[in-house]
>>> print(open('run.csv').read())   # CSV, N, CA, C and O atoms
chain,number,residue,atom,x,y,z
F,187,ALA,N,137.9,141.2,77.8
F,187,ALA,CA,137.4,139.9,77.9
F,187,ALA,C,137.1,139.4,76.5
F,187,ALA,O,136.4,140.1,75.7
F,188,ALA,N,137.4,138.1,76.2
F,188,ALA,CA,137.1,137.5,74.9
F,188,ALA,C,135.6,137.1,74.9
F,188,ALA,O,135.0,136.7,75.9
F,189,THR,N,135.0,137.3,73.8
F,189,THR,CA,133.6,136.8,73.6
F,189,THR,C,133.6,135.6,72.7
F,189,THR,O,134.5,135.5,71.8
F,190,THR,N,132.7,134.8,72.9
F,190,THR,CA,132.5,133.6,72.0
F,190,THR,C,131.4,133.8,71.1
F,190,THR,O,130.4,134.4,71.4
F,191,PRO,N,131.6,133.4,69.8
F,191,PRO,CA,130.5,133.6,68.9
F,191,PRO,C,129.3,132.8,69.3
F,191,PRO,O,129.4,131.7,69.8
F,192,MET,N,128.1,133.3,68.9
F,192,MET,CA,126.9,132.6,69.2
F,192,MET,C,126.7,131.5,68.2
F,192,MET,O,127.0,131.6,67.1
F,193,SER,N,126.1,130.4,68.7
F,193,SER,CA,125.8,129.3,67.7
F,193,SER,C,124.6,129.8,66.9
F,193,SER,O,123.9,130.7,67.3
F,194,GLN,N,124.4,129.1,65.8
F,194,GLN,CA,123.2,129.5,65.0
F,194,GLN,C,121.9,129.3,65.7
F,194,GLN,O,121.0,130.1,65.6
F,195,ALA,N,121.8,128.2,66.5
F,195,ALA,CA,120.6,128.0,67.3
F,195,ALA,C,120.3,129.1,68.3
F,195,ALA,O,119.2,129.6,68.4
F,196,GLN,N,121.4,129.6,68.9
F,196,GLN,CA,121.2,130.7,69.9
F,196,GLN,C,120.8,132.0,69.1
F,196,GLN,O,119.9,132.7,69.6
F,197,THR,N,121.4,132.2,68.0
F,197,THR,CA,121.0,133.4,67.2
F,197,THR,C,119.6,133.3,66.8
F,197,THR,O,118.8,134.3,66.9
F,198,GLU,N,119.1,132.2,66.2
F,198,GLU,CA,117.8,132.0,65.8
F,198,GLU,C,116.8,132.2,66.9
F,198,GLU,O,115.7,132.8,66.8
F,199,THR,N,117.1,131.7,68.1
F,199,THR,CA,116.3,131.8,69.3
F,199,THR,C,116.1,133.3,69.6
F,199,THR,O,115.0,133.7,70.0
F,200,GLN,N,117.1,134.1,69.6
F,200,GLN,CA,117.1,135.5,69.9
F,200,GLN,C,116.3,136.3,68.9
F,200,GLN,O,115.7,137.3,69.3
F,201,ILE,N,116.4,136.0,67.6
F,201,ILE,CA,115.8,136.8,66.6
F,201,ILE,C,114.4,136.3,66.2
F,201,ILE,O,113.7,136.9,65.5
F,202,GLU,N,114.0,135.1,66.7
F,202,GLU,CA,112.7,134.5,66.3
F,202,GLU,C,111.6,135.3,66.9
F,202,GLU,O,111.7,135.7,68.1
F,203,ALA,N,110.5,135.4,66.2
F,203,ALA,CA,109.3,136.1,66.7
F,203,ALA,C,108.7,135.3,67.8
F,203,ALA,O,108.7,134.1,67.8
F,204,ARG,N,108.2,136.0,68.8
F,204,ARG,CA,107.6,135.4,70.0
F,204,ARG,C,106.3,135.9,70.3
F,204,ARG,O,105.9,137.1,70.0
F,205,ILE,N,105.5,135.1,71.0
F,205,ILE,CA,104.2,135.5,71.6
F,205,ILE,C,104.5,136.5,72.8
F,205,ILE,O,105.3,136.1,73.7
F,206,VAL,N,103.9,137.7,72.7
F,206,VAL,CA,104.2,138.7,73.8
F,206,VAL,C,102.9,139.0,74.6
F,206,VAL,O,103.0,139.5,75.7
F,207,ALA,N,101.7,138.6,74.1
F,207,ALA,CA,100.5,138.9,74.8
F,207,ALA,C,99.4,138.0,74.2
F,207,ALA,O,99.4,137.6,73.0
F,208,VAL,N,98.4,137.7,75.0
F,208,VAL,CA,97.2,136.9,74.6
F,208,VAL,C,96.0,137.5,75.3
F,208,VAL,O,96.1,138.0,76.4
F,209,ARG,N,94.9,137.4,74.6
F,209,ARG,CA,93.6,137.8,75.2
F,209,ARG,C,92.4,137.1,74.5
F,209,ARG,O,92.6,136.6,73.4
F,210,ILE,N,91.3,137.0,75.2
F,210,ILE,CA,90.1,136.4,74.6
F,210,ILE,C,89.3,137.5,74.0
F,210,ILE,O,89.2,138.6,74.6
F,211,ALA,N,88.7,137.3,72.9
F,211,ALA,CA,87.8,138.3,72.2
F,211,ALA,C,86.6,137.6,71.6
F,211,ALA,O,86.6,136.4,71.4
F,212,ALA,N,85.6,138.4,71.4
F,212,ALA,CA,84.4,137.8,70.8
F,212,ALA,C,84.6,137.8,69.3
F,212,ALA,O,85.1,138.7,68.6
F,213,ALA,N,84.2,136.6,68.7
F,213,ALA,CA,84.4,136.5,67.2
F,213,ALA,C,83.0,136.5,66.6
F,213,ALA,O,82.0,136.7,67.2
F,214,HIS,N,83.1,136.1,65.3
F,214,HIS,CA,81.8,136.0,64.5
F,214,HIS,C,80.8,135.1,65.2
F,214,HIS,O,81.2,134.1,65.7
F,215,GLU,N,79.6,135.5,65.2
F,215,GLU,CA,78.5,134.7,65.8
F,215,GLU,C,78.6,134.4,67.3
F,215,GLU,O,78.1,133.4,67.8
F,216,GLY,N,79.4,135.3,68.0
F,216,GLY,CA,79.5,135.2,69.4
F,216,GLY,C,80.5,134.2,69.9
F,216,GLY,O,80.6,134.0,71.1
F,217,ASP,N,81.2,133.5,69.1
F,217,ASP,CA,82.2,132.5,69.5
F,217,ASP,C,83.3,133.3,70.1
F,217,ASP,O,83.7,134.4,69.7
F,218,ALA,N,84.0,132.6,71.0
F,218,ALA,CA,85.2,133.2,71.6
F,218,ALA,C,86.4,132.8,70.7
F,218,ALA,O,86.5,131.7,70.2
F,219,GLU,N,87.4,133.7,70.7
F,219,GLU,CA,88.6,133.4,70.0
F,219,GLU,C,89.8,133.9,70.8
F,219,GLU,O,89.6,134.8,71.6
F,220,LEU,N,91.0,133.3,70.6
F,220,LEU,CA,92.2,133.8,71.3
F,220,LEU,C,92.9,134.7,70.3
F,220,LEU,O,93.2,134.3,69.2
F,221,ILE,N,93.2,135.9,70.8
F,221,ILE,CA,94.0,136.8,70.0
F,221,ILE,C,95.5,136.8,70.6
F,221,ILE,O,95.7,137.0,71.8
F,222,VAL,N,96.4,136.4,69.7
F,222,VAL,CA,97.8,136.3,70.1
F,222,VAL,C,98.6,137.4,69.4
F,222,VAL,O,98.5,137.6,68.2
F,223,ASP,N,99.3,138.1,70.2
F,223,ASP,CA,100.2,139.2,69.8
F,223,ASP,C,101.6,138.6,69.6
F,223,ASP,O,102.1,138.0,70.5
F,224,ILE,N,102.2,138.8,68.4
F,224,ILE,CA,103.5,138.3,68.1
F,224,ILE,C,104.4,139.5,67.8
F,224,ILE,O,104.1,140.4,67.1
F,225,ARG,N,105.6,139.5,68.5
F,225,ARG,CA,106.6,140.5,68.2
F,225,ARG,C,107.8,139.9,67.5
F,225,ARG,O,108.3,138.9,67.9
F,226,TYR,N,108.2,140.6,66.4
F,226,TYR,CA,109.3,140.2,65.6
F,226,TYR,C,110.6,140.9,66.1
F,226,TYR,O,110.5,141.8,66.9
F,227,ALA,N,111.7,140.3,65.7
F,227,ALA,CA,113.0,140.8,66.2
F,227,ALA,C,113.2,142.3,65.9
F,227,ALA,O,113.9,143.0,66.6
F,228,ASN,N,112.6,142.8,64.8
F,228,ASN,CA,112.8,144.2,64.4
F,228,ASN,C,111.8,145.1,65.2
F,228,ASN,O,111.8,146.3,64.9
F,229,GLY,N,111.0,144.5,66.1
F,229,GLY,CA,110.1,145.3,66.9
F,229,GLY,C,108.7,145.4,66.4
F,229,GLY,O,107.8,145.8,67.1
F,230,GLY,N,108.5,144.9,65.2
F,230,GLY,CA,107.2,144.9,64.6
F,230,GLY,C,106.3,143.9,65.3
F,230,GLY,O,106.8,142.9,65.9
F,231,GLU,N,105.0,144.2,65.3
F,231,GLU,CA,104.1,143.3,66.0
F,231,GLU,C,102.9,143.0,65.1
F,231,GLU,O,102.6,143.8,64.2
F,232,THR,N,102.3,141.8,65.3
F,232,THR,CA,101.1,141.5,64.6
F,232,THR,C,100.2,140.7,65.5
F,232,THR,O,100.6,140.2,66.6
F,233,GLN,N,98.9,140.7,65.2
F,233,GLN,CA,97.9,139.9,65.9
F,233,GLN,C,97.4,138.8,65.1
F,233,GLN,O,97.1,139.0,63.9
F,234,VAL,N,97.2,137.6,65.7
F,234,VAL,CA,96.6,136.5,65.0
F,234,VAL,C,95.5,136.0,65.9
F,234,VAL,O,95.6,135.8,67.1
F,235,ALA,N,94.3,135.8,65.2
F,235,ALA,CA,93.1,135.3,65.9
F,235,ALA,C,93.1,133.8,65.7
F,235,ALA,O,93.2,133.3,64.5
F,236,LEU,N,92.9,133.1,66.8
F,236,LEU,CA,92.8,131.6,66.7
F,236,LEU,C,91.4,131.1,67.2
F,236,LEU,O,90.9,131.6,68.2
F,237,ASP,N,90.8,130.3,66.4
F,237,ASP,CA,89.5,129.7,66.8
F,237,ASP,C,89.7,128.6,67.9
F,237,ASP,O,90.9,128.4,68.3
F,238,HIS,N,88.7,128.0,68.3
F,238,HIS,CA,88.8,127.0,69.4
F,238,HIS,C,89.8,125.9,69.0
F,238,HIS,O,90.6,125.5,69.9
F,239,PHE,N,89.7,125.4,67.8
F,239,PHE,CA,90.6,124.2,67.4
F,239,PHE,C,92.0,124.6,67.4
F,239,PHE,O,92.9,123.9,67.9
F,240,ALA,N,92.3,125.8,66.8
F,240,ALA,CA,93.7,126.3,66.8
F,240,ALA,C,94.2,126.6,68.2
F,240,ALA,O,95.4,126.3,68.5
F,241,THR,N,93.3,127.2,69.0
F,241,THR,CA,93.7,127.5,70.4
F,241,THR,C,94.1,126.2,71.2
F,241,THR,O,95.1,126.1,71.8
F,242,GLN,N,93.3,125.2,71.0
F,242,GLN,CA,93.6,123.9,71.7
F,242,GLN,C,94.9,123.3,71.2
F,242,GLN,O,95.7,122.8,72.0
F,243,ALA,N,95.1,123.4,69.9
F,243,ALA,CA,96.4,122.9,69.3
F,243,ALA,C,97.6,123.6,69.9
F,243,ALA,O,98.6,123.1,70.2
F,244,LEU,N,97.4,125.0,70.0
F,244,LEU,CA,98.5,125.8,70.5
F,244,LEU,C,98.8,125.4,72.0
F,244,LEU,O,99.9,125.3,72.4
F,245,PHE,N,97.7,125.3,72.8
F,245,PHE,CA,97.9,125.0,74.2
F,245,PHE,C,98.6,123.6,74.3
F,245,PHE,O,99.5,123.5,75.1
F,246,ASP,N,98.2,122.6,73.5
F,246,ASP,CA,98.8,121.3,73.5
F,246,ASP,C,100.3,121.4,73.1
F,246,ASP,O,101.1,120.8,73.8
F,247,ALA,N,100.6,122.1,72.1
F,247,ALA,CA,102.0,122.2,71.6
F,247,ALA,C,102.9,122.9,72.6
F,247,ALA,O,104.1,122.6,72.7
F,248,CYS,N,102.3,123.8,73.4
F,248,CYS,CA,103.1,124.6,74.4
F,248,CYS,C,103.1,124.0,75.7
F,248,CYS,O,103.8,124.4,76.7
F,249,GLY,N,102.3,122.9,75.9
F,249,GLY,CA,102.1,122.4,77.3
F,249,GLY,C,101.5,123.4,78.2
F,249,GLY,O,101.8,123.4,79.4
F,250,ALA,N,100.6,124.2,77.7
F,250,ALA,CA,100.1,125.3,78.5
F,250,ALA,C,98.7,124.9,79.1
F,250,ALA,O,97.9,124.1,78.6
F,251,SER,N,98.5,125.4,80.4
F,251,SER,CA,97.3,125.1,81.0
F,251,SER,C,96.5,126.4,81.2
F,251,SER,O,95.3,126.4,81.6
F,252,ALA,N,97.2,127.6,80.9
F,252,ALA,CA,96.5,128.9,81.0
F,252,ALA,C,97.1,129.8,79.9
F,252,ALA,O,98.2,129.5,79.4
F,253,ALA,N,96.3,130.7,79.5
F,253,ALA,CA,96.7,131.6,78.4
F,253,ALA,C,98.1,132.3,78.6
F,253,ALA,O,98.9,132.4,77.7
F,254,GLU,N,98.4,132.6,79.9
F,254,GLU,CA,99.6,133.3,80.2
F,254,GLU,C,100.8,132.4,79.9
F,254,GLU,O,101.9,132.9,79.7
F,255,ASP,N,100.6,131.1,79.9
F,255,ASP,CA,101.7,130.1,79.7
F,255,ASP,C,102.2,130.2,78.2
F,255,ASP,O,103.3,129.7,77.9
F,256,LEU,N,101.4,130.9,77.4
F,256,LEU,CA,101.8,131.0,76.0
F,256,LEU,C,102.8,132.1,75.7
F,256,LEU,O,103.5,132.0,74.7
F,257,ILE,N,102.9,133.0,76.6
F,257,ILE,CA,103.8,134.2,76.4
F,257,ILE,C,105.2,133.7,76.4
F,257,ILE,O,105.7,132.9,77.3
F,258,GLY,N,106.0,134.1,75.4
F,258,GLY,CA,107.4,133.7,75.2
F,258,GLY,C,107.5,132.6,74.2
F,258,GLY,O,108.7,132.3,73.8
F,259,GLN,N,106.4,131.9,73.9
F,259,GLN,CA,106.5,130.8,72.9
F,259,GLN,C,106.8,131.3,71.5
F,259,GLN,O,106.5,132.4,71.2
F,260,SER,N,107.4,130.5,70.7
F,260,SER,CA,107.7,130.8,69.3
F,260,SER,C,106.5,131.0,68.4
F,260,SER,O,105.5,130.3,68.6
F,261,TRP,N,106.6,131.9,67.5
F,261,TRP,CA,105.5,132.1,66.5
F,261,TRP,C,105.3,130.8,65.7
F,261,TRP,O,104.2,130.6,65.2
F,262,ARG,N,106.3,129.9,65.6
F,262,ARG,CA,106.2,128.7,64.8
F,262,ARG,C,105.1,127.8,65.4
F,262,ARG,O,104.4,127.1,64.7
F,263,LYS,N,104.9,127.9,66.7
F,263,LYS,CA,103.8,127.0,67.4
F,263,LYS,C,102.5,127.6,67.0
F,263,LYS,O,101.5,126.8,66.8
F,264,VAL,N,102.4,128.9,66.8
F,264,VAL,CA,101.1,129.5,66.3
F,264,VAL,C,100.8,129.0,64.9
F,264,VAL,O,99.7,128.6,64.5
F,265,ARG,N,101.9,129.1,64.0
F,265,ARG,CA,101.7,128.6,62.7
F,265,ARG,C,101.3,127.2,62.6
F,265,ARG,O,100.4,126.8,61.9
F,266,ASP,N,101.9,126.3,63.4
F,266,ASP,CA,101.6,124.9,63.4
F,266,ASP,C,100.2,124.7,63.9
F,266,ASP,O,99.5,123.8,63.4
F,267,ALA,N,99.8,125.4,64.9
F,267,ALA,CA,98.4,125.3,65.5
F,267,ALA,C,97.4,125.7,64.4
F,267,ALA,O,96.3,125.0,64.3
F,268,LEU,N,97.6,126.7,63.6
F,268,LEU,CA,96.7,127.1,62.6
F,268,LEU,C,96.6,126.0,61.5
F,268,LEU,O,95.6,125.7,61.0
F,269,ALA,N,97.8,125.3,61.2
F,269,ALA,CA,97.8,124.2,60.3
F,269,ALA,C,97.0,123.1,60.8
F,269,ALA,O,96.2,122.4,60.0
F,270,VAL,N,97.1,122.7,62.1
F,270,VAL,CA,96.3,121.7,62.7
F,270,VAL,C,94.8,121.9,62.5
F,270,VAL,O,94.0,121.1,62.1
F,271,ALA,N,94.4,123.2,62.9
F,271,ALA,CA,93.0,123.5,62.8
F,271,ALA,C,92.5,123.5,61.4
F,271,ALA,O,91.4,123.0,61.1
F,272,TYR,N,93.3,124.0,60.5
F,272,TYR,CA,92.9,124.0,59.0
F,272,TYR,C,92.7,122.5,58.5
F,272,TYR,O,91.8,122.2,57.8
F,273,ASN,N,93.7,121.7,58.9
F,273,ASN,CA,93.7,120.3,58.3
F,273,ASN,C,92.7,119.4,59.0
F,273,ASN,O,92.7,118.2,58.6
F,274,ARG,N,91.9,119.9,59.9
F,274,ARG,CA,91.0,119.0,60.6
F,274,ARG,C,89.8,118.6,59.7
F,274,ARG,O,89.1,117.7,59.9
F,275,PHE,N,89.6,119.3,58.6
F,275,PHE,CA,88.5,119.0,57.7
F,275,PHE,C,88.9,118.0,56.7
F,275,PHE,O,90.0,117.9,56.2
>>> encode(input="run.csv", output="structure tokens")
Amino acid sequence: AATTPMSQAQTETQIEARIVAVRIAAAHEGDAELIVDIRYANGGETQVALDHFATQALFDACGASAAEDLIGQSWRKVRDALAVAYNRF
């Protein structure tokens, strides 16, 4: 059977880092933060801590109403949410 080459957009979607888990954790001074686990195409993982402002920006960008709705979203939305939180000052 013949195969068709993937488009660049399909390839980028498949290799793009994605959110694979989220959890709430205690942060400095007892504030809550969202810990987002991101998995890269090569299998590597990292964790990113988001404060209240970044968490709200991420939920808004993903159209999420619960933390579980974030799973599968692109790492780019995490990056953008961090920028929104940073630029609020």
>>> residues_around(input="run.csv", residues="Lys263 (chain F)", least_positions_apart="5", cutoff="7 Å", atoms="only N, CA, C and O atoms", output="compact mmCIF listing (two decimals) with N, CA, C and O atoms, keeping the file's coordinate frame")
# COMPACT_ATOMS: atom_id res chain seq x y z
N ALA F 240 92.30 125.80 66.80
CA ALA F 240 93.70 126.30 66.80
C ALA F 240 94.20 126.60 68.20
O ALA F 240 95.40 126.30 68.50
N ALA F 243 95.10 123.40 69.90
CA ALA F 243 96.40 122.90 69.30
C ALA F 243 97.60 123.60 69.90
O ALA F 243 98.60 123.10 70.20
N LEU F 244 97.40 125.00 70.00
CA LEU F 244 98.50 125.80 70.50
C LEU F 244 98.80 125.40 72.00
O LEU F 244 99.90 125.30 72.40
N ALA F 247 100.60 122.10 72.10
CA ALA F 247 102.00 122.20 71.60
C ALA F 247 102.90 122.90 72.60
O ALA F 247 104.10 122.60 72.70
N CYS F 248 102.30 123.80 73.40
CA CYS F 248 103.10 124.60 74.40
C CYS F 248 103.10 124.00 75.70
O CYS F 248 103.80 124.40 76.70
N LEU F 268 97.60 126.70 63.60
CA LEU F 268 96.70 127.10 62.60
C LEU F 268 96.60 126.00 61.50
O LEU F 268 95.60 125.70 61.00
N ALA F 269 97.80 125.30 61.20
CA ALA F 269 97.80 124.20 60.30
C ALA F 269 97.00 123.10 60.80
O ALA F 269 96.20 122.40 60.00
>>> closest_residue(input="run.csv", among="F:Asn273, F:Asn228, F:Gln242, F:Ser251", to="Ala203 (chain F)", atoms="only C-alpha atoms")
F:Asn228
>>> residues_around(input="run.csv", residues="Ala227 (chain F)", least_positions_apart="4", cutoff="9 Å", atoms="only C-alpha atoms", output="JSON, numbers by chain")
{"F": [200, 201, 202, 203, 204]}
>>> closest_residue(input="run.csv", among="F:Ala253, F:Arg265, F:Phe245, F:Arg274", to="Ala207 (chain F)", atoms="all atoms listed in the file")
F:Ala253
>>> atom_distance(input="run.csv", atom1="CA of Ala250 (chain F)", atom2="CA of Gly216 (chain F)")
24.6 Å
>>> select_by_dssp(input="run.csv", residues="region 194-261 of chain F", states="strand (DSSP E or B)", output="PyMOL selection string")
chain F and resi 204-212+218-225+231-236+260
>>> closest_residue(input="run.csv", among="F:Ile205, F:Ile210, F:Ile221, F:Ala235", to="Arg262 (chain F)", atoms="all atoms listed in the file")
F:Ile205
